[in-house]
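What follows is final_20.cif (mmCIF, C-alpha atoms, pLDDT in the B column; chains and numbers go by the auth columns).
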data_target
#
loop_
_atom_site.group_PDB
_atom_site.id
_atom_site.type_symbol
_atom_site.label_atom_id
_atom_site.label_comp_id
_atom_site.label_asym_id
_atom_site.label_seq_id
_atom_site.Cartn_x
_atom_site.Cartn_y
_atom_site.Cartn_z
_atom_site.B_iso_or_equiv
_atom_site.auth_seq_id
_atom_site.auth_asym_id
ATOM 1 C CA MET A 1 -0.376 -28.214 -2.554 53.00 22 A
ATOM 2 C CA ASN A 2 -2.825 -25.323 -2.725 87.00 23 A
ATOM 3 C CA ALA A 3 -1.772 -21.750 -1.943 88.00 24 A
ATOM 4 C CA GLU A 4 -3.502 -21.582 1.433 89.00 25 A
ATOM 5 C CA ILE A 5 -1.710 -24.656 2.775 91.00 26 A
ATOM 6 C CA GLU A 6 1.600 -23.624 1.217 93.00 27 A
ATOM 7 C CA ILE A 7 1.502 -20.180 2.836 96.00 28 A
ATOM 8 C CA ARG A 8 0.304 -21.526 6.182 96.00 29 A
ATOM 9 C CA ASN A 9 3.159 -24.043 6.260 96.00 30 A
ATOM 10 C CA LYS A 10 5.579 -21.253 5.346 96.00 31 A
ATOM 11 C CA LEU A 11 4.326 -19.099 8.232 97.00 32 A
ATOM 12 C CA ILE A 12 4.541 -22.025 10.650 97.00 33 A
ATOM 13 C CA SER A 13 8.151 -22.609 9.588 97.00 34 A
ATOM 14 C CA LEU A 14 8.942 -18.930 10.288 97.00 35 A
ATOM 15 C CA ALA A 15 7.306 -18.869 13.735 97.00 36 A
ATOM 16 C CA GLU A 16 9.255 -18.066 16.906 97.00 37 A
ATOM 17 C CA PRO A 17 7.504 -19.340 20.059 94.00 38 A
ATOM 18 C CA GLU A 18 9.218 -16.839 22.361 96.00 39 A
ATOM 19 C CA TYR A 19 8.245 -13.969 20.090 96.00 40 A
ATOM 20 C CA ARG A 20 4.667 -15.313 20.022 96.00 41 A
ATOM 21 C CA ASP A 21 4.492 -15.303 23.822 94.00 42 A
ATOM 22 C CA PHE A 22 5.850 -11.751 23.957 94.00 43 A
ATOM 23 C CA SER A 23 3.660 -10.356 21.159 95.00 44 A
ATOM 24 C CA SER A 24 0.385 -12.006 22.108 94.00 45 A
ATOM 25 C CA ALA A 25 0.551 -10.301 25.497 93.00 46 A
ATOM 26 C CA LEU A 26 0.797 -6.911 23.766 94.00 47 A
ATOM 27 C CA VAL A 27 -2.038 -7.458 21.301 95.00 48 A
ATOM 28 C CA PRO A 28 -5.403 -8.098 22.973 91.00 49 A
ATOM 29 C CA GLY A 29 -7.817 -9.848 20.650 88.00 50 A
ATOM 30 C CA CYS A 30 -5.102 -11.300 18.435 92.00 51 A
ATOM 31 C CA GLY A 31 -6.618 -14.774 18.416 93.00 52 A
ATOM 32 C CA GLU A 32 -4.317 -17.657 17.624 96.00 53 A
ATOM 33 C CA MET A 33 -0.818 -16.355 16.948 97.00 54 A
ATOM 34 C CA LEU A 34 2.178 -18.218 15.548 97.00 55 A
ATOM 35 C CA GLY A 35 4.871 -15.688 16.398 97.00 56 A
ATOM 36 C CA VAL A 36 6.147 -14.476 13.015 98.00 57 A
ATOM 37 C CA ARG A 37 7.777 -11.071 13.012 97.00 58 A
ATOM 38 C CA ILE A 38 5.993 -8.394 10.988 97.00 59 A
ATOM 39 C CA PRO A 39 8.994 -7.542 8.742 97.00 60 A
ATOM 40 C CA VAL A 40 9.125 -11.222 7.789 98.00 61 A
ATOM 41 C CA ILE A 41 5.392 -11.222 6.989 98.00 62 A
ATOM 42 C CA ARG A 42 5.872 -8.033 4.983 97.00 63 A
ATOM 43 C CA GLY A 43 8.598 -9.697 2.930 97.00 64 A
ATOM 44 C CA LEU A 44 6.304 -12.642 2.251 97.00 65 A
ATOM 45 C CA ALA A 45 3.542 -10.241 1.209 97.00 66 A
ATOM 46 C CA LYS A 46 5.891 -8.581 -1.285 97.00 67 A
ATOM 47 C CA ASP A 47 6.809 -11.962 -2.762 96.00 68 A
ATOM 48 C CA ILE A 48 3.187 -13.025 -3.132 96.00 69 A
ATOM 49 C CA ALA A 49 2.011 -9.697 -4.549 95.00 70 A
ATOM 50 C CA GLY A 50 4.975 -9.688 -6.919 93.00 71 A
ATOM 51 C CA HIS A 51 4.079 -13.160 -8.218 91.00 72 A
ATOM 52 C CA ARG A 52 7.450 -14.494 -7.056 91.00 73 A
ATOM 53 C CA MET A 53 5.965 -17.571 -5.402 90.00 74 A
ATOM 54 C CA GLY A 54 3.761 -18.805 -8.202 89.00 75 A
ATOM 55 C CA ILE A 55 0.680 -17.782 -6.230 92.00 76 A
ATOM 56 C CA ASP A 56 -2.055 -15.495 -7.567 94.00 77 A
ATOM 57 C CA PRO A 57 -2.367 -12.780 -4.886 95.00 78 A
ATOM 58 C CA MET A 58 -5.999 -11.980 -5.703 95.00 79 A
ATOM 59 C CA GLU A 59 -6.955 -15.638 -5.536 95.00 80 A
ATOM 60 C CA TYR A 60 -5.205 -15.955 -2.181 96.00 81 A
ATOM 61 C CA LEU A 61 -6.978 -12.847 -0.835 96.00 82 A
ATOM 62 C CA GLU A 62 -10.362 -14.081 -1.987 94.00 83 A
ATOM 63 C CA ASN A 63 -10.170 -17.748 -1.031 94.00 84 A
ATOM 64 C CA ALA A 64 -7.652 -18.466 1.719 94.00 85 A
ATOM 65 C CA GLU A 65 -9.084 -18.906 5.197 94.00 86 A
ATOM 66 C CA GLU A 66 -7.457 -17.195 8.160 95.00 87 A
ATOM 67 C CA LYS A 67 -6.786 -19.481 11.088 96.00 88 A
ATOM 68 C CA TYR A 68 -3.885 -17.488 12.489 97.00 89 A
ATOM 69 C CA PHE A 69 -3.307 -13.831 13.312 97.00 90 A
ATOM 70 C CA GLU A 70 -0.410 -13.819 10.848 98.00 91 A
ATOM 71 C CA GLU A 71 -2.662 -14.901 7.975 98.00 92 A
ATOM 72 C CA THR A 72 -4.895 -11.904 8.521 98.00 93 A
ATOM 73 C CA MET A 73 -1.847 -9.659 8.842 98.00 94 A
ATOM 74 C CA LEU A 74 -0.420 -11.136 5.637 98.00 95 A
ATOM 75 C CA LYS A 75 -3.584 -10.443 3.661 98.00 96 A
ATOM 76 C CA GLY A 76 -3.589 -6.835 4.812 98.00 97 A
ATOM 77 C CA LEU A 77 0.027 -6.394 3.779 98.00 98 A
ATOM 78 C CA ILE A 78 -0.589 -8.057 0.403 98.00 99 A
ATOM 79 C CA ILE A 79 -3.352 -5.523 -0.247 98.00 100 A
ATOM 80 C CA GLY A 80 -0.848 -2.775 0.423 97.00 101 A
ATOM 81 C CA GLU A 81 1.449 -4.225 -2.234 97.00 102 A
ATOM 82 C CA LEU A 82 -1.207 -4.406 -4.964 96.00 103 A
ATOM 83 C CA LYS A 83 -0.570 -2.233 -8.003 90.00 104 A
ATOM 84 C CA GLY A 84 -2.945 -0.814 -10.568 87.00 105 A
ATOM 85 C CA ASP A 85 -6.501 0.470 -10.364 94.00 106 A
ATOM 86 C CA VAL A 86 -7.171 2.193 -7.041 97.00 107 A
ATOM 87 C CA GLU A 87 -10.791 1.011 -7.132 97.00 108 A
ATOM 88 C CA VAL A 88 -9.686 -2.617 -7.255 96.00 109 A
ATOM 89 C CA VAL A 89 -7.396 -2.029 -4.280 97.00 110 A
ATOM 90 C CA LEU A 90 -10.057 -0.152 -2.307 98.00 111 A
ATOM 91 C CA ALA A 91 -12.509 -2.996 -2.906 97.00 112 A
ATOM 92 C CA GLN A 92 -10.011 -5.286 -1.163 98.00 113 A
ATOM 93 C CA VAL A 93 -9.470 -2.707 1.589 98.00 114 A
ATOM 94 C CA ALA A 94 -13.216 -2.602 2.228 98.00 115 A
ATOM 95 C CA LYS A 95 -13.348 -6.405 2.471 98.00 116 A
ATOM 96 C CA HIS A 96 -10.387 -6.476 4.835 98.00 117 A
ATOM 97 C CA ILE A 97 -11.384 -3.748 7.297 98.00 118 A
ATOM 98 C CA PRO A 98 -13.993 -5.917 9.119 97.00 119 A
ATOM 99 C CA LYS A 99 -11.149 -8.359 9.891 97.00 120 A
ATOM 100 C CA VAL A 100 -9.172 -5.621 11.663 97.00 121 A
ATOM 101 C CA THR A 101 -9.869 -6.402 15.314 96.00 122 A
ATOM 102 C CA ASN A 102 -6.778 -5.136 17.120 97.00 123 A
ATOM 103 C CA TRP A 103 -4.305 -2.261 16.985 97.00 124 A
ATOM 104 C CA SER A 104 -1.521 -4.308 15.388 97.00 125 A
ATOM 105 C CA LEU A 105 -3.582 -5.453 12.413 98.00 126 A
ATOM 106 C CA CYS A 106 -4.847 -1.891 12.019 98.00 127 A
ATOM 107 C CA ASP A 107 -1.614 0.032 12.175 98.00 128 A
ATOM 108 C CA SER A 108 0.461 -2.284 9.969 98.00 129 A
ATOM 109 C CA PHE A 109 -2.332 -2.453 7.392 98.00 130 A
ATOM 110 C CA CYS A 110 -2.683 1.330 7.203 98.00 131 A
ATOM 111 C CA SER A 111 1.038 2.011 6.955 97.00 132 A
ATOM 112 C CA GLY A 112 1.233 -0.390 4.025 97.00 133 A
ATOM 113 C CA LEU A 113 -1.458 1.302 1.932 98.00 134 A
ATOM 114 C CA LYS A 114 1.033 3.397 -0.008 96.00 135 A
ATOM 115 C CA ILE A 115 -1.362 3.653 -2.958 96.00 136 A
ATOM 116 C CA THR A 116 -2.926 6.457 -0.911 97.00 137 A
ATOM 117 C CA LYS A 117 -0.032 8.786 -1.773 97.00 138 A
ATOM 118 C CA LYS A 118 -1.020 8.957 -5.444 96.00 139 A
ATOM 119 C CA ASN A 119 -4.770 8.808 -4.796 97.00 140 A
ATOM 120 C CA LYS A 120 -5.240 11.092 -1.812 97.00 141 A
ATOM 121 C CA ALA A 121 -8.569 12.601 -2.861 98.00 142 A
ATOM 122 C CA ARG A 122 -10.124 9.219 -3.641 98.00 143 A
ATOM 123 C CA VAL A 123 -8.934 7.562 -0.435 98.00 144 A
ATOM 124 C CA TRP A 124 -10.025 10.606 1.614 98.00 145 A
ATOM 125 C CA SER A 125 -13.510 10.152 0.199 98.00 146 A
ATOM 126 C CA PHE A 126 -13.369 6.394 0.849 98.00 147 A
ATOM 127 C CA LEU A 127 -12.559 6.983 4.526 98.00 148 A
ATOM 128 C CA GLU A 128 -15.560 9.262 5.062 96.00 149 A
ATOM 129 C CA ASN A 129 -17.845 6.473 6.253 93.00 150 A
ATOM 130 C CA TYR A 130 -15.203 4.947 8.489 98.00 151 A
ATOM 131 C CA TRP A 131 -14.348 7.861 10.758 97.00 152 A
ATOM 132 C CA GLN A 132 -18.079 8.239 11.400 95.00 153 A
ATOM 133 C CA SER A 133 -18.578 4.531 12.096 97.00 154 A
ATOM 134 C CA GLU A 134 -19.802 3.154 15.410 96.00 155 A
ATOM 135 C CA LYS A 135 -17.260 0.322 15.217 97.00 156 A
ATOM 136 C CA PRO A 136 -14.043 1.159 17.102 98.00 157 A
ATOM 137 C CA PHE A 137 -11.552 -0.397 14.724 98.00 158 A
ATOM 138 C CA GLU A 138 -13.228 1.080 11.659 98.00 159 A
ATOM 139 C CA ILE A 139 -12.717 4.479 13.279 98.00 160 A
ATOM 140 C CA ARG A 140 -9.143 3.614 14.174 98.00 161 A
ATOM 141 C CA VAL A 141 -8.405 2.614 10.573 98.00 162 A
ATOM 142 C CA ALA A 142 -9.581 6.049 9.412 98.00 163 A
ATOM 143 C CA VAL A 143 -7.614 7.916 12.086 98.00 164 A
ATOM 144 C CA VAL A 144 -4.400 5.992 11.468 98.00 165 A
ATOM 145 C CA MET A 145 -4.790 6.552 7.726 98.00 166 A
ATOM 146 C CA TYR A 146 -5.145 10.257 8.463 98.00 167 A
ATOM 147 C CA LEU A 147 -1.991 10.386 10.553 98.00 168 A
ATOM 148 C CA ASP A 148 -0.044 8.337 8.004 98.00 169 A
ATOM 149 C CA TYR A 149 -1.028 10.284 4.891 98.00 170 A
ATOM 150 C CA TYR A 150 -3.007 13.464 5.536 98.00 171 A
ATOM 151 C CA ILE A 151 -1.215 15.639 8.056 98.00 172 A
ATOM 152 C CA ASP A 152 -0.559 18.626 5.818 98.00 173 A
ATOM 153 C CA LYS A 153 -1.812 22.186 5.480 97.00 174 A
ATOM 154 C CA GLU A 154 -4.484 21.134 2.996 97.00 175 A
ATOM 155 C CA HIS A 155 -6.168 18.702 5.382 98.00 176 A
ATOM 156 C CA ILE A 156 -5.264 19.857 8.885 98.00 177 A
ATOM 157 C CA GLU A 157 -8.448 21.806 9.684 98.00 178 A
ATOM 158 C CA ASP A 158 -10.600 18.974 8.364 98.00 179 A
ATOM 159 C CA LEU A 159 -8.657 16.561 10.553 98.00 180 A
ATOM 160 C CA PHE A 160 -9.262 18.696 13.631 98.00 181 A
ATOM 161 C CA TYR A 161 -12.968 18.765 12.797 98.00 182 A
ATOM 162 C CA ARG A 162 -13.042 14.973 12.569 98.00 183 A
ATOM 163 C CA PHE A 163 -11.101 14.501 15.797 98.00 184 A
ATOM 164 C CA ASP A 164 -13.556 16.773 17.600 98.00 185 A
ATOM 165 C CA HIS A 165 -16.540 14.859 16.241 97.00 186 A
ATOM 166 C CA ILE A 166 -15.380 11.286 16.824 97.00 187 A
ATOM 167 C CA ASP A 167 -17.644 10.156 19.629 92.00 188 A
ATOM 168 C CA ASN A 168 -16.470 6.764 20.787 96.00 189 A
ATOM 169 C CA ASP A 169 -15.238 5.718 24.219 96.00 190 A
ATOM 170 C CA ASP A 170 -13.115 2.793 23.068 97.00 191 A
ATOM 171 C CA HIS A 171 -9.564 2.991 24.383 97.00 192 A
ATOM 172 C CA TYR A 172 -7.995 2.195 21.015 97.00 193 A
ATOM 173 C CA VAL A 173 -9.969 4.955 19.325 98.00 194 A
ATOM 174 C CA LYS A 174 -8.884 7.506 21.915 98.00 195 A
ATOM 175 C CA MET A 175 -5.288 6.349 21.672 98.00 196 A
ATOM 176 C CA ALA A 176 -5.363 6.709 17.881 98.00 197 A
ATOM 177 C CA VAL A 177 -6.792 10.232 18.052 98.00 198 A
ATOM 178 C CA ALA A 178 -4.228 11.229 20.700 98.00 199 A
ATOM 179 C CA TRP A 179 -1.440 9.778 18.565 98.00 200 A
ATOM 180 C CA ALA A 180 -2.727 11.627 15.493 98.00 201 A
ATOM 181 C CA VAL A 181 -2.905 14.944 17.363 98.00 202 A
ATOM 182 C CA SER A 182 0.667 14.483 18.565 98.00 203 A
ATOM 183 C CA ILE A 183 1.887 13.879 15.002 98.00 204 A
ATOM 184 C CA CYS A 184 -0.057 16.952 13.877 98.00 205 A
ATOM 185 C CA PHE A 185 1.841 18.927 16.511 98.00 206 A
ATOM 186 C CA ILE A 186 5.192 17.595 15.342 97.00 207 A
ATOM 187 C CA LYS A 187 4.482 18.373 11.678 97.00 208 A
ATOM 188 C CA LEU A 188 2.367 21.543 12.030 98.00 209 A
ATOM 189 C CA PRO A 189 3.047 22.929 15.510 97.00 210 A
ATOM 190 C CA GLU A 190 1.542 26.385 15.068 97.00 211 A
ATOM 191 C CA GLU A 191 -1.792 25.131 13.739 98.00 212 A
ATOM 192 C CA THR A 192 -1.944 22.334 16.286 98.00 213 A
ATOM 193 C CA MET A 193 -1.136 24.588 19.254 97.00 214 A
ATOM 194 C CA LYS A 194 -4.140 26.721 18.319 98.00 215 A
ATOM 195 C CA TYR A 195 -6.225 23.559 18.204 98.00 216 A
ATOM 196 C CA LEU A 196 -4.964 22.367 21.581 98.00 217 A
ATOM 197 C CA LYS A 197 -6.093 25.668 23.082 96.00 218 A
ATOM 198 C CA ALA A 198 -9.610 25.352 21.645 97.00 219 A
ATOM 199 C CA ASN A 199 -10.939 21.862 20.908 98.00 220 A
ATOM 200 C CA ASP A 200 -13.772 19.509 21.781 97.00 221 A
ATOM 201 C CA LEU A 201 -11.691 16.461 22.637 98.00 222 A
ATOM 202 C CA ASP A 202 -12.671 14.624 25.800 97.00 223 A
ATOM 203 C CA ASP A 203 -10.246 15.183 28.655 97.00 224 A
ATOM 204 C CA GLU A 204 -8.745 11.692 28.476 97.00 225 A
ATOM 205 C CA THR A 205 -7.929 11.918 24.772 98.00 226 A
ATOM 206 C CA TYR A 206 -6.653 15.488 25.133 98.00 227 A
ATOM 207 C CA ASN A 207 -4.337 14.599 28.016 98.00 228 A
ATOM 208 C CA MET A 208 -3.054 11.521 26.186 98.00 229 A
ATOM 209 C CA ALA A 209 -2.232 13.741 23.207 98.00 230 A
ATOM 210 C CA LEU A 210 -0.255 16.068 25.449 98.00 231 A
ATOM 211 C CA GLN A 211 1.608 13.099 26.921 97.00 232 A
ATOM 212 C CA LYS A 212 2.520 11.796 23.476 98.00 233 A
ATOM 213 C CA ILE A 213 3.826 15.239 22.531 98.00 234 A
ATOM 214 C CA ARG A 214 5.927 15.343 25.700 96.00 235 A
ATOM 215 C CA ASP A 215 7.250 11.841 24.965 96.00 236 A
ATOM 216 C CA SER A 216 8.338 12.747 21.439 96.00 237 A
ATOM 217 C CA LEU A 217 12.025 13.105 20.686 95.00 238 A
ATOM 218 C CA ARG A 218 11.090 15.598 17.963 95.00 239 A
ATOM 219 C CA VAL A 219 9.760 18.233 20.391 95.00 240 A
ATOM 220 C CA ASP A 220 12.213 20.516 22.169 95.00 241 A
ATOM 221 C CA LYS A 221 12.439 20.824 25.950 95.00 242 A
ATOM 222 C CA ALA A 222 11.042 24.358 26.137 96.00 243 A
ATOM 223 C CA THR A 223 7.966 23.382 24.144 96.00 244 A
ATOM 224 C CA LYS A 224 7.453 20.318 26.317 96.00 245 A
ATOM 225 C CA GLU A 225 7.450 22.562 29.389 96.00 246 A
ATOM 226 C CA ILE A 226 4.686 24.665 27.840 96.00 247 A
ATOM 227 C CA ILE A 227 2.703 21.546 26.939 96.00 248 A
ATOM 228 C CA ASN A 228 3.104 20.319 30.512 94.00 249 A
ATOM 229 C CA THR A 229 1.163 23.350 31.791 96.00 250 A
ATOM 230 C CA MET A 230 -1.806 22.657 29.517 97.00 251 A
ATOM 231 C CA LYS A 231 -3.081 19.460 31.101 96.00 252 A
ATOM 232 C CA ARG A 232 -6.753 19.437 32.044 94.00 253 A
#
Starting from the file, lay out its structure as structure tokens.
Amino acid sequence: MNAEIEIRNKLISLAEPEYRDFSSALVPGCGEMLGVRIPVIRGLAKDIAGHRMGIDPMEYLENAEEKYFEETMLKGLIIGELKGDVEVVLAQVAKHIPKVTNWSLCDSFCSGLKITKKNKARVWSFLENYWQSEKPFEIRVAVVMYLDYYIDKEHIEDLFYRFDHIDNDDHYVKMAVAWAVSICFIKLPEETMKYLKANDLDDETYNMALQKIRDSLRVDKATKEIINTMKR
């Protein structure tokens, strides 16, 4: 049995029809979904990347077709588990990004790219073309990578510049930027409050960012009351 068939059969055996029905309604553009929970897929990705299943992870990434949503998710999570040369990993990231066609594939993929932590300058440079893309989910990949790995004093002003200059009306782009701004506020409230008082975000994105700040359990009641007065 080749690796593609073996892994597909494994995913089918792990599928939960009720979970599929629930999840597919939350993920527009997911295509054909089996209903395998993401932590289960992540565990499978670790096993494949760690050569614990007798499958070459690079061969699987390069050759296996993706019939199901979970197969695309799995490939993204395998990439996140790859060790070694950052350039080899980023080559796989670049191949995978065009397959990212919904928020779930995007956000799980980005959160798994832990190699970023030891290669922040290189990955920052890699993302340069993506935040300026015209393709919504390429932009979202960049923004979610920023909120996962780059909200710190070194990068915060550059992030604000990028948020102000992302010009795309896609809902999932705006949601990502709003989410990122809210995390900036949680981690660097003083800097982000200044930004909220003087920014070039469109009103929808700005107001969504305020809402996400108000919804956060990490923001105190008094601050939320101030944020509530700032809606456009």
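Checking A:Tyr81, A:Phe43, A:Tyr170, A:Phe130 one by one against A:Trp145, counting only C-alpha atoms, you find the shortest gap at A:Tyr170.
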I'd like to see the residues matched by the PyMOL selection byres ((chain A and resi 117) around 12) on this file, and ideally I'd get them as a ChimeraX atom specification. /A:82-83,87,92-101,110-116,118-122,126-127,130-131,158-159,162
How would you write, as a short mmCIF file (atom, residue, chain, number, x, y, z; two decimals) with C-alpha atoms, keeping the file's coordinate frame, the residues chosen by the PyMOL selection byres ((chain A and resi 204) around 12) on this structure?
data_model
loop_
_atom_site.label_atom_id
_atom_site.label_comp_id
_atom_site.auth_asym_id
_atom_site.auth_seq_id
_atom_site.Cartn_x
_atom_site.Cartn_y
_atom_site.Cartn_z
CA VAL A 164 -7.61 7.92 12.09
CA VAL A 165 -4.40 5.99 11.47
CA TYR A 167 -5.14 10.26 8.46
CA LEU A 168 -1.99 10.39 10.55
CA ASP A 169 -0.04 8.34 8.00
CA TYR A 170 -1.03 10.28 4.89
CA TYR A 171 -3.01 13.46 5.54
CA ILE A 172 -1.22 15.64 8.06
CA ASP A 173 -0.56 18.63 5.82
CA ILE A 177 -5.26 19.86 8.88
CA LEU A 180 -8.66 16.56 10.55
CA ALA A 197 -5.36 6.71 17.88
CA VAL A 198 -6.79 10.23 18.05
CA ALA A 199 -4.23 11.23 20.70
CA TRP A 200 -1.44 9.78 18.57
CA ALA A 201 -2.73 11.63 15.49
CA VAL A 202 -2.90 14.94 17.36
CA SER A 203 0.67 14.48 18.57
CA CYS A 205 -0.06 16.95 13.88
CA PHE A 206 1.84 18.93 16.51
CA ILE A 207 5.19 17.60 15.34
CA LYS A 208 4.48 18.37 11.68
CA LEU A 209 2.37 21.54 12.03
CA PRO A 210 3.05 22.93 15.51
CA GLU A 212 -1.79 25.13 13.74
CA THR A 213 -1.94 22.33 16.29
CA MET A 214 -1.14 24.59 19.25
CA ALA A 230 -2.23 13.74 23.21
CA LEU A 231 -0.26 16.07 25.45
CA GLN A 232 1.61 13.10 26.92
CA LYS A 233 2.52 11.80 23.48
CA ILE A 234 3.83 15.24 22.53
CA ARG A 235 5.93 15.34 25.70
CA ASP A 236 7.25 11.84 24.96
CA SER A 237 8.34 12.75 21.44
CA LEU A 238 12.02 13.10 20.69
CA ARG A 239 11.09 15.60 17.96
CA VAL A 240 9.76 18.23 20.39
#
Worksheet item: Given the file above and the PyMOL selection byres ((chain A and resi 57-73) around 12), which residues are selected, and can you give them as a VMD selection string?
Response: chain A and resid 24 to 25 27 to 29 31 to 45 53 to 56 74 to 82 89 to 105 125 to 126 128 to 130 132 to 133
note - atom CA of A:Asn228 and atom CA of A:Lys252 are separated by 5.9 Å
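Relative to atom CA of A:Trp152, atom CA of A:Lys245 is found at 29.5 Å.
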Top pick for closest residue to A:Val144, considering A:Glu175, A:Asn123, A:Arg183, A:Val107 and counting all atoms listed in the file
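Of A:Glu175, A:Asn123, A:Arg183, A:Val107, the one nearest A:Val144 is A:Val107, counting all atoms listed in the file.
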A straight line from atom CA of A:Pro49 to atom CA of A:Trp124 spans 8.4 Å
Judged by all atoms listed in the file, the minimum distance to A:Glu86 among A:Ser146, A:Ser154, A:Thr137, A:Asn23 is found for A:Asn23
Put a box with edges along x, y and z around all the listed atoms of stretch 218-229 of chain A, pad it by 5 Å on each side, then give me its centre and sizes in Å, one decimal, as lines of an AutoDock Vina configuration file.
center_x = -8.4
center_y = 18.6
center_z = 24.8
size_x = 20.7
size_y = 24.1
size_z = 17.7
Notebook entry, point to check: When distances are computed from only C-alpha atoms, which of A:Ala243, A:Asp223, A:Asn150, A:Tyr182 shows the smallest separation from A:Met196?
Noted result: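 For A:Met196, the nearest of the candidates is A:Asp223.
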